[in-house]
Amino acid sequence: MTLFGLSFFVLALSYFFSVYSRPTGDHLRNIDSFIRAVQQVEDSNPGLSPLALVRALRRTAGHDDEMTNHFLGASYNLSDAELLETAILNASSFSFFDKAFHHIVTNYGEERGVVLAPDGTTVALTPLLLGIESGLKAKLEGTPAVGLFPLTLGRTLGLSFVSLQDFPPSYRLGPNGCWDSMDHPKLFKLSRPATLATDAVIYGGMDGAILGMDLSNLPASEQPQTLSEILKGYYSFVLHEKQGLDAVTRHISPRRREISRSIVEPLDLYSQVMETLVLVWKLEKTEWIALDNGVGKTVKDGLQEFVHKYWDCPQIIPRCQWGAKPYQSTPMPLFLPLQFLYVHHTYEPSSPCLSFPNCSRNMRAMQRFHQVDRGWSDIGYSFVVGSDGYIYEGRGWNHLGRHTRGHNAIGYGVSIIGNYTATLPSRHALNLVRHDLVRCAVDGGRLAANFTIQGHRQVVNYTSCPGDAFYSEITSWEHFSE
């Protein structure tokens, strides 16, 4: 790097950190802000490789633990040029990166080191960037991405299982949380006491594993994009107006569950997690890991819960994320498992929603119509499906809905946003209901194994819901009954 180029690099960093190194409450904690900040650094120094930058970020954030160094090498063991860039970052930005990357949960349940993604999910930066660094290192060296699973998911899952082995498996993972504002996110509050593997940490690990694998598998003739472009390609996208996710072949964040499963599941998860725990014990001398004290069963039980919660079940956007108003009376409980799943279309809104902001607006509009115009306590549906790849929580698994007159107590009401009188929902949206949601419900004890699927029109005379085209489709589904 020339002195002239270095001067611009320093100036860009000075501006970047004058804006982004304020206390946590003064800057927006979303992935777009982070990408813009990274891009400012890249624009000031076109010769900076993505690997050098991500290593510099790791160095600045102080993530040189034994396992990371074992697989990636110490961030301070770099070439002179990289050391110079790292030193500048470290001198200018420790405060910012300590908050941006250092994952902690405060005594008040605030989760730090996480950012809001454009798709409405929350992602921890550290496992994301470790996965990217692993992939870039493998690409540079022409080798497989060694340590990708332990760095992104394996260590976190294993330690979370073992540290909470006296608790039921469902309490060894998660939880999710809520942002103080979706437009100006600054504080993320968890819904219950944290495990080591919060939802944000797991999503960051999934994304890191996906991007790391993608980078390591680039053809020899193809150079990696800049770090900002790598992140933009995965998190910032526009879906096709009619086909939605059906037209997407590349890897993007709404598909993280299916893609991470295709990458990680063939590895033999149990063996991978056990080997990772042995490595942690050797490298970190973690004496509280009693590897001969029932750890095998603890890991098996934990992985069974992980597969159910994060792979078998679809991503469900909680009410707080789409901006739901409070329930206007006391919710009535459902008595599980239920016997029926009633399928609807919203009719209005009549067009599929293709992004988190649009789907959220649709949810708020429907809730307002149901509460204000119809005088109901809440949005009527149990769940609503967008064409953005996600399901949105209505009244949820446990509360009585108001979706199918005379049948609300015996079934869930699930609606896909749009008017499907003449056209079908996207194949991805259909599969979310037909396969993912029902599998999650049955395995979780919410739907009976011999449940029945019916269209709204079959049990309520005055409606054509879920539309002629959609109704014709569900007649071919397993569990459908006349």
# chains A, B, ... in the order shown; residues from 1 in each chain; ligands from 1
>>> residues_around(residues="Gly413 of chain A", least_positions_apart="5", cutoff="12 Å", atoms="only C-alpha atoms", output="PyMOL selection string")
chain A and resi 338-346+379-385+393-397+399-405+407-408+433+437-438+453-456+465-466
>>> write_last_selection(atoms="N, CA and C atoms", output="short mmCIF file (atom, residue, chain, number, x, y, z; two decimals), in the first residue's frame")
data_model
loop_
_atom_site.label_atom_id
_atom_site.label_comp_id
_atom_site.auth_asym_id
_atom_site.auth_seq_id
_atom_site.Cartn_x
_atom_site.Cartn_y
_atom_site.Cartn_z
N LEU A 338 -54.61 -30.24 18.13
CA LEU A 338 -55.81 -29.97 17.35
C LEU A 338 -55.95 -30.99 16.22
N GLN A 339 -57.14 -31.09 15.68
CA GLN A 339 -57.42 -32.12 14.69
C GLN A 339 -57.46 -31.57 13.26
N PHE A 340 -57.57 -30.24 13.11
CA PHE A 340 -57.78 -29.68 11.77
C PHE A 340 -56.82 -28.54 11.47
N LEU A 341 -56.55 -28.39 10.17
CA LEU A 341 -55.83 -27.23 9.64
C LEU A 341 -56.71 -26.64 8.54
N TYR A 342 -57.18 -25.41 8.73
CA TYR A 342 -58.07 -24.75 7.77
C TYR A 342 -57.26 -23.77 6.93
N VAL A 343 -57.37 -23.91 5.62
CA VAL A 343 -56.55 -23.15 4.68
C VAL A 343 -57.37 -21.98 4.12
N HIS A 344 -56.75 -20.79 4.11
CA HIS A 344 -57.40 -19.56 3.65
C HIS A 344 -56.49 -18.83 2.65
N HIS A 345 -57.08 -17.88 1.92
CA HIS A 345 -56.30 -16.80 1.30
C HIS A 345 -56.83 -15.49 1.88
N THR A 346 -56.01 -14.46 1.87
CA THR A 346 -56.47 -13.21 2.48
C THR A 346 -57.46 -12.46 1.60
N ILE A 379 -55.99 -10.02 15.16
CA ILE A 379 -56.02 -10.61 13.83
C ILE A 379 -56.57 -12.03 13.97
N GLY A 380 -57.40 -12.45 13.03
CA GLY A 380 -58.12 -13.70 13.20
C GLY A 380 -57.30 -14.96 12.99
N TYR A 381 -56.34 -14.92 12.06
CA TYR A 381 -55.60 -16.12 11.67
C TYR A 381 -54.61 -16.58 12.74
N SER A 382 -54.36 -17.86 12.75
CA SER A 382 -53.30 -18.40 13.61
C SER A 382 -51.93 -18.02 13.05
N PHE A 383 -51.78 -18.22 11.74
CA PHE A 383 -50.54 -17.88 11.04
C PHE A 383 -50.87 -17.35 9.66
N VAL A 384 -49.98 -16.50 9.15
CA VAL A 384 -50.13 -15.95 7.81
C VAL A 384 -48.82 -16.17 7.06
N VAL A 385 -48.91 -16.58 5.80
CA VAL A 385 -47.73 -16.93 5.01
C VAL A 385 -47.48 -15.86 3.96
N GLU A 393 -46.51 -14.81 12.61
CA GLU A 393 -47.33 -15.22 13.74
C GLU A 393 -48.57 -14.35 13.86
N GLY A 394 -49.74 -14.98 13.88
CA GLY A 394 -50.98 -14.29 14.17
C GLY A 394 -51.32 -14.53 15.63
N ARG A 395 -52.32 -15.39 15.85
CA ARG A 395 -52.61 -15.76 17.25
C ARG A 395 -51.73 -16.90 17.74
N GLY A 396 -51.01 -17.52 16.83
CA GLY A 396 -49.99 -18.48 17.23
C GLY A 396 -50.50 -19.87 17.55
N TRP A 397 -49.60 -20.65 18.14
CA TRP A 397 -49.88 -22.07 18.42
C TRP A 397 -50.88 -22.28 19.54
N HIS A 399 -53.25 -19.98 21.17
CA HIS A 399 -54.42 -19.15 21.44
C HIS A 399 -55.52 -19.34 20.40
N LEU A 400 -56.75 -19.34 20.88
CA LEU A 400 -57.92 -19.50 20.04
C LEU A 400 -58.00 -18.39 19.00
N GLY A 401 -58.15 -18.77 17.72
CA GLY A 401 -58.25 -17.79 16.65
C GLY A 401 -59.70 -17.46 16.33
N ARG A 402 -59.86 -16.63 15.27
CA ARG A 402 -61.19 -16.30 14.78
C ARG A 402 -61.11 -16.29 13.26
N HIS A 403 -61.03 -17.48 12.70
CA HIS A 403 -60.73 -17.63 11.27
C HIS A 403 -61.75 -18.49 10.54
N THR A 404 -62.37 -19.45 11.23
CA THR A 404 -63.25 -20.42 10.59
C THR A 404 -64.46 -20.61 11.50
N ARG A 405 -65.52 -19.90 11.23
CA ARG A 405 -66.67 -19.84 12.16
C ARG A 405 -67.14 -21.24 12.55
N HIS A 407 -65.48 -23.47 14.07
CA HIS A 407 -64.41 -24.48 14.08
C HIS A 407 -63.11 -23.95 14.66
N ASN A 408 -63.13 -22.77 15.25
CA ASN A 408 -61.89 -22.16 15.71
C ASN A 408 -61.22 -22.94 16.84
N VAL A 433 -46.63 -24.24 3.93
CA VAL A 433 -47.83 -24.73 4.60
C VAL A 433 -47.91 -26.25 4.52
N LEU A 437 -44.83 -26.27 7.89
CA LEU A 437 -45.64 -25.92 9.05
C LEU A 437 -46.33 -27.13 9.65
N VAL A 438 -46.87 -28.00 8.81
CA VAL A 438 -47.58 -29.16 9.36
C VAL A 438 -46.61 -30.14 10.02
N ILE A 453 -56.79 -31.64 6.67
CA ILE A 453 -56.72 -30.34 6.00
C ILE A 453 -58.03 -30.09 5.27
N GLN A 454 -58.58 -28.89 5.45
CA GLN A 454 -59.77 -28.49 4.71
C GLN A 454 -59.66 -27.03 4.29
N GLY A 455 -60.31 -26.69 3.20
CA GLY A 455 -60.41 -25.31 2.79
C GLY A 455 -61.50 -24.60 3.57
N HIS A 456 -61.38 -23.31 3.74
CA HIS A 456 -62.36 -22.52 4.48
C HIS A 456 -63.77 -22.75 3.95
N CYS A 465 -63.42 -18.80 -0.21
CA CYS A 465 -62.03 -18.91 0.29
C CYS A 465 -61.63 -20.39 0.38
N PRO A 466 -60.46 -20.77 -0.02
CA PRO A 466 -59.26 -19.97 -0.33
C PRO A 466 -59.07 -19.63 -1.81
#
>>> closest_residue(among="A:Glu111, A:Glu141, A:Asp246, A:Glu265", to="Arg192 of chain A", atoms="only C-alpha atoms")
A:Glu111
>>> closest_residue(among="A:Gln371, A:His184, A:Asp378, A:Ser170", to="Val307 of chain A", atoms="only C-alpha atoms")
A:Ser170
>>> residues_around(residues="segment 116-131 of chain A", least_positions_apart="6", cutoff="7 Å", atoms="only C-alpha atoms", output="PyMOL selection string")
chain A and resi 29-31+54+101+148+151-152+200-201+203-205+207-209+211-212+235-236+254+355-356
>>> closest_residue(among="A:Gly244, A:Pro357, A:Pro266, A:Gly444", to="Cys313 of chain A", atoms="only C-alpha atoms")
A:Gly444
>>> closest_residue(among="A:Gly445, A:Gly177, A:Gly135, A:Pro168", to="Gly109 of chain A", atoms="only C-alpha atoms")
A:Gly177
>>> atom_distance(atom1="atom CA of Leu51 of chain A", atom2="atom CA of Gly158 of chain A")
27.6 Å
>>> select_by_dssp(residues="segment 268-439 of chain A", states="alpha helix (DSSP H)", output="number ranges by chain")
A: 269-284, 295-307, 319-322, 356-368, 427-431, 438-439
>>> residues_around(residues="segment 273-279 of chain A", least_positions_apart="2", cutoff="7 Å", atoms="only C-alpha atoms", output="ChimeraX atom specification")
/A:150,154-155,158,269-271,281-283
>>> write_last_selection(atoms="C-alpha atoms", output="compact mmCIF listing (two decimals), in the first residue's frame")
# COMPACT_ATOMS: atom_id res chain seq x y z
CA PRO A 150 -16.93 -25.89 14.53
CA GLY A 154 -20.43 -26.73 16.35
CA ARG A 155 -18.75 -25.05 19.32
CA GLY A 158 -22.01 -28.27 21.93
CA LEU A 269 -23.90 -33.81 13.31
CA TYR A 270 -23.42 -35.94 16.41
CA SER A 271 -19.84 -36.89 15.56
CA TRP A 281 -11.53 -29.35 26.07
CA LYS A 282 -8.00 -29.84 24.74
CA LEU A 283 -7.43 -26.29 23.51
>>> decode(residues="segment 203-227 of chain A", atoms="N, CA, C and O atoms", output="PDB file, in the first residue's frame")
ATOM      1  N   TYR A 203     -28.538 -18.230  13.668  1.00  0.00           N
ATOM      2  CA  TYR A 203     -28.719 -17.700  12.311  1.00  0.00           C
ATOM      3  C   TYR A 203     -27.410 -17.150  11.758  1.00  0.00           C
ATOM      4  O   TYR A 203     -27.100 -17.336  10.573  1.00  0.00           O
ATOM      5  N   GLY A 204     -26.634 -16.468  12.599  1.00  0.00           N
ATOM      6  CA  GLY A 204     -25.324 -16.003  12.155  1.00  0.00           C
ATOM      7  C   GLY A 204     -24.419 -17.161  11.785  1.00  0.00           C
ATOM      8  O   GLY A 204     -23.657 -17.096  10.807  1.00  0.00           O
ATOM      9  N   GLY A 205     -24.501 -18.259  12.564  1.00  0.00           N
ATOM     10  CA  GLY A 205     -23.708 -19.448  12.257  1.00  0.00           C
ATOM     11  C   GLY A 205     -24.150 -20.106  10.959  1.00  0.00           C
ATOM     12  O   GLY A 205     -23.323 -20.545  10.154  1.00  0.00           O
ATOM     13  N   MET A 206     -25.452 -20.196  10.748  1.00  0.00           N
ATOM     14  CA  MET A 206     -25.956 -20.758   9.486  1.00  0.00           C
ATOM     15  C   MET A 206     -25.476 -19.925   8.303  1.00  0.00           C
ATOM     16  O   MET A 206     -24.991 -20.469   7.293  1.00  0.00           O
ATOM     17  N   ASP A 207     -25.610 -18.609   8.426  1.00  0.00           N
ATOM     18  CA  ASP A 207     -25.206 -17.731   7.324  1.00  0.00           C
ATOM     19  C   ASP A 207     -23.702 -17.815   7.079  1.00  0.00           C
ATOM     20  O   ASP A 207     -23.236 -17.812   5.938  1.00  0.00           O
ATOM     21  N   GLY A 208     -22.922 -17.888   8.171  1.00  0.00           N
ATOM     22  CA  GLY A 208     -21.477 -18.026   8.029  1.00  0.00           C
ATOM     23  C   GLY A 208     -21.091 -19.329   7.358  1.00  0.00           C
ATOM     24  O   GLY A 208     -20.187 -19.370   6.514  1.00  0.00           O
ATOM     25  N   ALA A 209     -21.784 -20.420   7.714  1.00  0.00           N
ATOM     26  CA  ALA A 209     -21.504 -21.721   7.083  1.00  0.00           C
ATOM     27  C   ALA A 209     -21.847 -21.696   5.595  1.00  0.00           C
ATOM     28  O   ALA A 209     -21.099 -22.219   4.760  1.00  0.00           O
ATOM     29  N   ILE A 210     -22.978 -21.072   5.256  1.00  0.00           N
ATOM     30  CA  ILE A 210     -23.404 -21.005   3.846  1.00  0.00           C
ATOM     31  C   ILE A 210     -22.416 -20.178   3.028  1.00  0.00           C
ATOM     32  O   ILE A 210     -21.926 -20.615   1.972  1.00  0.00           O
ATOM     33  N   LEU A 211     -22.115 -18.967   3.497  1.00  0.00           N
ATOM     34  CA  LEU A 211     -21.225 -18.091   2.732  1.00  0.00           C
ATOM     35  C   LEU A 211     -19.801 -18.632   2.711  1.00  0.00           C
ATOM     36  O   LEU A 211     -19.103 -18.522   1.698  1.00  0.00           O
ATOM     37  N   GLY A 212     -19.358 -19.215   3.818  1.00  0.00           N
ATOM     38  CA  GLY A 212     -18.027 -19.811   3.842  1.00  0.00           C
ATOM     39  C   GLY A 212     -17.886 -20.941   2.837  1.00  0.00           C
ATOM     40  O   GLY A 212     -16.883 -21.039   2.120  1.00  0.00           O
ATOM     41  N   MET A 213     -18.918 -21.794   2.758  1.00  0.00           N
ATOM     42  CA  MET A 213     -18.887 -22.890   1.789  1.00  0.00           C
ATOM     43  C   MET A 213     -18.927 -22.354   0.366  1.00  0.00           C
ATOM     44  O   MET A 213     -18.199 -22.836  -0.519  1.00  0.00           O
ATOM     45  N   ASP A 214     -19.778 -21.351   0.139  1.00  0.00           N
ATOM     46  CA  ASP A 214     -19.859 -20.764  -1.202  1.00  0.00           C
ATOM     47  C   ASP A 214     -18.506 -20.202  -1.642  1.00  0.00           C
ATOM     48  O   ASP A 214     -18.075 -20.393  -2.791  1.00  0.00           O
ATOM     49  N   LEU A 215     -17.836 -19.489  -0.750  1.00  0.00           N
ATOM     50  CA  LEU A 215     -16.551 -18.876  -1.085  1.00  0.00           C
ATOM     51  C   LEU A 215     -15.475 -19.922  -1.317  1.00  0.00           C
ATOM     52  O   LEU A 215     -14.644 -19.793  -2.223  1.00  0.00           O
ATOM     53  N   SER A 216     -15.463 -20.957  -0.501  1.00  0.00           N
ATOM     54  CA  SER A 216     -14.440 -21.997  -0.658  1.00  0.00           C
ATOM     55  C   SER A 216     -14.622 -22.786  -1.942  1.00  0.00           C
ATOM     56  O   SER A 216     -13.667 -23.375  -2.457  1.00  0.00           O
ATOM     57  N   ASN A 217     -15.853 -22.795  -2.472  1.00  0.00           N
ATOM     58  CA  ASN A 217     -16.147 -23.563  -3.684  1.00  0.00           C
ATOM     59  C   ASN A 217     -16.088 -22.735  -4.968  1.00  0.00           C
ATOM     60  O   ASN A 217     -16.442 -23.220  -6.040  1.00  0.00           O
ATOM     61  N   LEU A 218     -15.653 -21.470  -4.865  1.00  0.00           N
ATOM     62  CA  LEU A 218     -15.521 -20.665  -6.076  1.00  0.00           C
ATOM     63  C   LEU A 218     -14.528 -21.317  -7.044  1.00  0.00           C
ATOM     64  O   LEU A 218     -13.514 -21.878  -6.610  1.00  0.00           O
ATOM     65  N   PRO A 219     -14.782 -21.244  -8.338  1.00  0.00           N
ATOM     66  CA  PRO A 219     -13.812 -21.787  -9.298  1.00  0.00           C
ATOM     67  C   PRO A 219     -12.450 -21.128  -9.137  1.00  0.00           C
ATOM     68  O   PRO A 219     -12.349 -19.971  -8.690  1.00  0.00           O
ATOM     69  N   ALA A 220     -11.399 -21.859  -9.486  1.00  0.00           N
ATOM     70  CA  ALA A 220     -10.039 -21.349  -9.321  1.00  0.00           C
ATOM     71  C   ALA A 220      -9.825 -20.042 -10.078  1.00  0.00           C
ATOM     72  O   ALA A 220      -9.051 -19.178  -9.648  1.00  0.00           O
ATOM     73  N   SER A 221     -10.529 -19.873 -11.185  1.00  0.00           N
ATOM     74  CA  SER A 221     -10.347 -18.681 -12.013  1.00  0.00           C
ATOM     75  C   SER A 221     -11.145 -17.477 -11.521  1.00  0.00           C
ATOM     76  O   SER A 221     -10.987 -16.368 -12.032  1.00  0.00           O
ATOM     77  N   GLU A 222     -12.019 -17.677 -10.543  1.00  0.00           N
ATOM     78  CA  GLU A 222     -12.918 -16.610 -10.082  1.00  0.00           C
ATOM     79  C   GLU A 222     -12.444 -16.053  -8.750  1.00  0.00           C
ATOM     80  O   GLU A 222     -12.248 -16.811  -7.783  1.00  0.00           O
ATOM     81  N   GLN A 223     -12.259 -14.746  -8.693  1.00  0.00           N
ATOM     82  CA  GLN A 223     -11.834 -14.094  -7.462  1.00  0.00           C
ATOM     83  C   GLN A 223     -13.052 -13.716  -6.606  1.00  0.00           C
ATOM     84  O   GLN A 223     -14.106 -13.380  -7.136  1.00  0.00           O
ATOM     85  N   PRO A 224     -12.921 -13.780  -5.275  1.00  0.00           N
ATOM     86  CA  PRO A 224     -14.042 -13.394  -4.419  1.00  0.00           C
ATOM     87  C   PRO A 224     -14.400 -11.925  -4.595  1.00  0.00           C
ATOM     88  O   PRO A 224     -13.543 -11.097  -4.923  1.00  0.00           O
ATOM     89  N   GLN A 225     -15.647 -11.601  -4.376  1.00  0.00           N
ATOM     90  CA  GLN A 225     -16.076 -10.210  -4.353  1.00  0.00           C
ATOM     91  C   GLN A 225     -15.548  -9.524  -3.094  1.00  0.00           C
ATOM     92  O   GLN A 225     -14.978 -10.163  -2.209  1.00  0.00           O
ATOM     93  N   THR A 226     -15.763  -8.227  -3.022  1.00  0.00           N
ATOM     94  CA  THR A 226     -15.427  -7.517  -1.786  1.00  0.00           C
ATOM     95  C   THR A 226     -16.354  -7.999  -0.670  1.00  0.00           C
ATOM     96  O   THR A 226     -17.415  -8.579  -0.931  1.00  0.00           O
ATOM     97  N   LEU A 227     -15.958  -7.738   0.579  1.00  0.00           N
ATOM     98  CA  LEU A 227     -16.769  -8.162   1.708  1.00  0.00           C
ATOM     99  C   LEU A 227     -18.160  -7.532   1.651  1.00  0.00           C
ATOM    100  O   LEU A 227     -19.166  -8.211   1.902  1.00  0.00           O
TER     101      LEU A 227
END
